[in-house]
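Since the structure comes first, as structure tokens, the remarks are kept for the end.
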Amino acid sequence: MTYEQMLALAREKLAPRQYGKYFSAGYVSAVLEGANGKYYCGVNLDLACGLGFCAERNAASSMVTDGETVFRRAVCVGEDGSLMTPCGSCREFLLQLSPENAKAEFLVGADPVETMPLSAFMPLPWQTFGKEK
Ligand SMILES: [Zn+2]
């Protein structure tokens, strides 16, 4: 799948909805290309209790459920379909799934295609066990 196709898929999955008073979803959409070659989609979930999560982590959760922890490329879009970069929590979350994810490329420009690796967003990631040698 090209970045253009990933972007189209991310936009297709956008579906802003309010589910009653305490829950809304679909305002942000993400597509991850797993190292296994499969594509994983997710949308954000916002709950009044604060237990919602981002589209990126939703997509990554589906990927992990499928037995994959490494992704190669990602596209994230906001409610209007414009490109977004992952929030700080997602950056850390994705890095902790696998250190290999530091090399994963995020689409940051569509025309022309421009990407940045996750490592550029997280030059000094948090490490539970200190610096690895
Ligand atoms: Zn996030």
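In the structure tokens, chains take the letters A, B, ... in the order shown, each chain's residues start at 1, and ligands count up from 1 in the order shown.
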
Residue list (alpha helix (DSSP H), DSSP) for segment 6-71 of chain A, as a list in words: Met6, Leu7, Ala8, Leu9, Ala10, Arg11, Glu12, Lys13, Ala55, Glu56, Arg57, Asn58, Ala59, Ala60, Ser61, Ser62, Met63, Val64 and Thr65 of chain A

How about saving the chosen residues, N, CA, C and O atoms kept, as a JSON list (two decimals), in the first residue's frame?
```json
[["chain", "number", "residue", "atom", "x", "y", "z"],
["A", 6, "MET", "N", -2.65, 4.61, 2.18],
["A", 6, "MET", "CA", -2.79, 4.59, 3.64],
["A", 6, "MET", "C", -3.55, 5.83, 4.11],
["A", 6, "MET", "O", -4.39, 5.76, 5.01],
["A", 7, "LEU", "N", -3.24, 6.97, 3.49],
["A", 7, "LEU", "CA", -3.92, 8.22, 3.86],
["A", 7, "LEU", "C", -5.42, 8.12, 3.52],
["A", 7, "LEU", "O", -6.27, 8.51, 4.33],
["A", 8, "ALA", "N", -5.72, 7.57, 2.37],
["A", 8, "ALA", "CA", -7.13, 7.41, 1.97],
["A", 8, "ALA", "C", -7.85, 6.48, 2.95],
["A", 8, "ALA", "O", -9.00, 6.74, 3.34],
["A", 9, "LEU", "N", -7.19, 5.41, 3.37],
["A", 9, "LEU", "CA", -7.80, 4.48, 4.32],
["A", 9, "LEU", "C", -8.03, 5.16, 5.68],
["A", 9, "LEU", "O", -9.09, 5.00, 6.29],
["A", 10, "ALA", "N", -7.04, 5.92, 6.12],
["A", 10, "ALA", "CA", -7.20, 6.63, 7.40],
["A", 10, "ALA", "C", -8.38, 7.60, 7.33],
["A", 10, "ALA", "O", -9.19, 7.68, 8.26],
["A", 11, "ARG", "N", -8.49, 8.30, 6.23],
["A", 11, "ARG", "CA", -9.61, 9.24, 6.07],
["A", 11, "ARG", "C", -10.94, 8.50, 5.98],
["A", 11, "ARG", "O", -11.96, 8.97, 6.50],
["A", 12, "GLU", "N", -10.94, 7.34, 5.34],
["A", 12, "GLU", "CA", -12.16, 6.53, 5.22],
["A", 12, "GLU", "C", -12.66, 6.09, 6.60],
["A", 12, "GLU", "O", -13.87, 5.99, 6.83],
["A", 13, "LYS", "N", -11.75, 5.83, 7.50],
["A", 13, "LYS", "CA", -12.13, 5.33, 8.83],
["A", 13, "LYS", "C", -12.60, 6.43, 9.77],
["A", 13, "LYS", "O", -13.15, 6.14, 10.84],
["A", 55, "ALA", "N", -6.25, 7.12, 18.56],
["A", 55, "ALA", "CA", -6.36, 6.27, 17.37],
["A", 55, "ALA", "C", -5.10, 5.42, 17.18],
["A", 55, "ALA", "O", -5.19, 4.24, 16.82],
["A", 56, "GLU", "N", -3.94, 6.00, 17.43],
["A", 56, "GLU", "CA", -2.68, 5.28, 17.23],
["A", 56, "GLU", "C", -2.60, 4.06, 18.15],
["A", 56, "GLU", "O", -2.19, 2.98, 17.74],
["A", 57, "ARG", "N", -2.97, 4.25, 19.41],
["A", 57, "ARG", "CA", -2.93, 3.13, 20.37],
["A", 57, "ARG", "C", -4.02, 2.12, 20.08],
["A", 57, "ARG", "O", -3.84, 0.92, 20.31],
["A", 58, "ASN", "N", -5.15, 2.58, 19.56],
["A", 58, "ASN", "CA", -6.21, 1.66, 19.16],
["A", 58, "ASN", "C", -5.71, 0.77, 18.03],
["A", 58, "ASN", "O", -5.86, -0.46, 18.07],
["A", 59, "ALA", "N", -5.09, 1.37, 17.02],
["A", 59, "ALA", "CA", -4.55, 0.59, 15.90],
["A", 59, "ALA", "C", -3.46, -0.36, 16.39],
["A", 59, "ALA", "O", -3.40, -1.53, 15.99],
["A", 60, "ALA", "N", -2.59, 0.14, 17.25],
["A", 60, "ALA", "CA", -1.49, -0.69, 17.77],
["A", 60, "ALA", "C", -2.03, -1.85, 18.61],
["A", 60, "ALA", "O", -1.47, -2.95, 18.57],
["A", 61, "SER", "N", -3.12, -1.62, 19.32],
["A", 61, "SER", "CA", -3.71, -2.70, 20.12],
["A", 61, "SER", "C", -4.22, -3.82, 19.22],
["A", 61, "SER", "O", -4.05, -5.00, 19.54],
["A", 62, "SER", "N", -4.81, -3.45, 18.10],
["A", 62, "SER", "CA", -5.25, -4.48, 17.14],
["A", 62, "SER", "C", -4.05, -5.24, 16.58],
["A", 62, "SER", "O", -4.10, -6.46, 16.39],
["A", 63, "MET", "N", -2.96, -4.50, 16.34],
["A", 63, "MET", "CA", -1.74, -5.12, 15.82],
["A", 63, "MET", "C", -1.19, -6.14, 16.83],
["A", 63, "MET", "O", -0.85, -7.27, 16.46],
["A", 64, "VAL", "N", -1.12, -5.75, 18.08],
["A", 64, "VAL", "CA", -0.60, -6.64, 19.12],
["A", 64, "VAL", "C", -1.53, -7.84, 19.30],
["A", 64, "VAL", "O", -1.07, -8.98, 19.48],
["A", 65, "THR", "N", -2.83, -7.60, 19.23],
["A", 65, "THR", "CA", -3.80, -8.70, 19.31],
["A", 65, "THR", "C", -3.55, -9.71, 18.21],
["A", 65, "THR", "O", -3.75, -10.92, 18.40]]
```

Within 7 Å of ligand 1, counting only C-alpha atoms and all ligand atoms, residues as an mmCIF file with C-alpha atoms, in the first residue's frame:
```cif
data_model
loop_
_atom_site.group_PDB
_atom_site.id
_atom_site.type_symbol
_atom_site.label_atom_id
_atom_site.label_comp_id
_atom_site.auth_asym_id
_atom_site.auth_seq_id
_atom_site.Cartn_x
_atom_site.Cartn_y
_atom_site.Cartn_z
ATOM 1 C CA PHE A 53 -7.391 6.434 24.112
ATOM 2 C CA CYS A 54 -5.917 7.652 20.872
ATOM 3 C CA ALA A 55 -6.362 6.266 17.371
ATOM 4 C CA GLU A 56 -2.682 5.282 17.230
ATOM 5 C CA ARG A 57 -2.925 3.132 20.367
ATOM 6 C CA PRO A 86 1.147 11.151 17.455
ATOM 7 C CA CYS A 87 0.791 12.649 20.939
ATOM 8 C CA GLY A 88 3.482 12.124 23.552
ATOM 9 C CA SER A 89 1.682 9.197 25.177
ATOM 10 C CA CYS A 90 1.389 7.383 21.853
#
```

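Between Leu14 of chain A and the residues A:Gly50, A:Gly67, A:Gly26, A:Gly37, the shortest atom-to-atom distance, using only C-alpha atoms, involves A:Gly26.
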
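Residues lying within 7 Å of Gly34 of chain A, counting only C-alpha atoms and ignoring same-chain neighbours fewer than 6 positions away, are Met63, Glu68, Val70, Phe71 and Arg72 of chain A.
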
Strand (DSSP E) call set, DSSP backbone run, segment 3-129 of chain A, as a PyMOL selection string: chain A and resi 17-18+23-34+39-47+71-77+105-110+113-117

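Minimum atom-to-atom distance to Glu114 of chain A, evaluated using only C-alpha atoms, belongs to A:Tyr3 out of A:Ser82, A:Tyr19, A:Tyr3, A:Pro99.
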
d(atom CA of Leu118 of chain A, atom CA of Cys49 of chain A) in Å: 29.3 Å

Show me, as a PDB file with N, CA and C atoms, in the first residue's frame, the residues that have an atom within 8 Å of Ala25 of chain A when counting only C-alpha atoms, minus same-chain residues fewer than 4 positions from it.
```pdb
ATOM      1  N   ALA A  15     -14.900   8.780  11.468  1.00  0.00           N
ATOM      2  CA  ALA A  15     -16.356   8.737  11.613  1.00  0.00           C
ATOM      3  C   ALA A  15     -16.723   9.390  12.940  1.00  0.00           C
ATOM      4  N   PRO A  16     -16.591  10.725  13.006  1.00  0.00           N
ATOM      5  CA  PRO A  16     -16.887  11.410  14.267  1.00  0.00           C
ATOM      6  C   PRO A  16     -18.320  11.135  14.718  1.00  0.00           C
ATOM      7  N   ARG A  17     -18.431  10.592  15.913  1.00  0.00           N
ATOM      8  CA  ARG A  17     -19.750  10.260  16.446  1.00  0.00           C
ATOM      9  C   ARG A  17     -19.793  10.525  17.944  1.00  0.00           C
ATOM     10  N   GLN A  18     -20.942  10.981  18.386  1.00  0.00           N
ATOM     11  CA  GLN A  18     -21.197  11.130  19.809  1.00  0.00           C
ATOM     12  C   GLN A  18     -22.130  10.000  20.216  1.00  0.00           C
ATOM     13  N   TYR A  19     -21.674   9.185  21.137  1.00  0.00           N
ATOM     14  CA  TYR A  19     -22.487   8.053  21.600  1.00  0.00           C
ATOM     15  C   TYR A  19     -23.058   8.412  22.967  1.00  0.00           C
ATOM     16  N   VAL A  43      -9.435   4.267  15.606  1.00  0.00           N
ATOM     17  CA  VAL A  43      -9.933   5.625  15.818  1.00  0.00           C
ATOM     18  C   VAL A  43      -9.833   5.941  17.301  1.00  0.00           C
ATOM     19  N   ASN A  44      -9.885   7.230  17.614  1.00  0.00           N
ATOM     20  CA  ASN A  44      -9.813   7.621  19.026  1.00  0.00           C
ATOM     21  C   ASN A  44     -11.119   7.298  19.741  1.00  0.00           C
ATOM     22  N   LEU A  45     -11.029   7.055  21.019  1.00  0.00           N
ATOM     23  CA  LEU A  45     -12.191   6.847  21.885  1.00  0.00           C
ATOM     24  C   LEU A  45     -12.081   7.848  23.020  1.00  0.00           C
ATOM     25  N   ASP A  46     -13.051   8.736  23.163  1.00  0.00           N
ATOM     26  CA  ASP A  46     -13.038   9.722  24.240  1.00  0.00           C
ATOM     27  C   ASP A  46     -14.206   9.461  25.172  1.00  0.00           C
TER      28      ASP A  46
END
```

Selection near segment 76-81 of chain A, 6 Å with only C-alpha atoms, sequence-local residues under 5 positions removed, as an NGL selection string: :A and (11 or 27-30)

Shell of 8 Å around Ala104 of chain A, only C-alpha atoms, local chain residues under 2 positions omitted, as number ranges by chain: A: 71-74, 100-102, 106, 117-118

Atom CA of Leu97 of chain A to atom CA of Thr69 of chain A, straight-line distance in Å: 5.6 Å

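Note that atom CA of Asn36 of chain A and atom CA of Thr85 of chain A are 22.8 Å apart.
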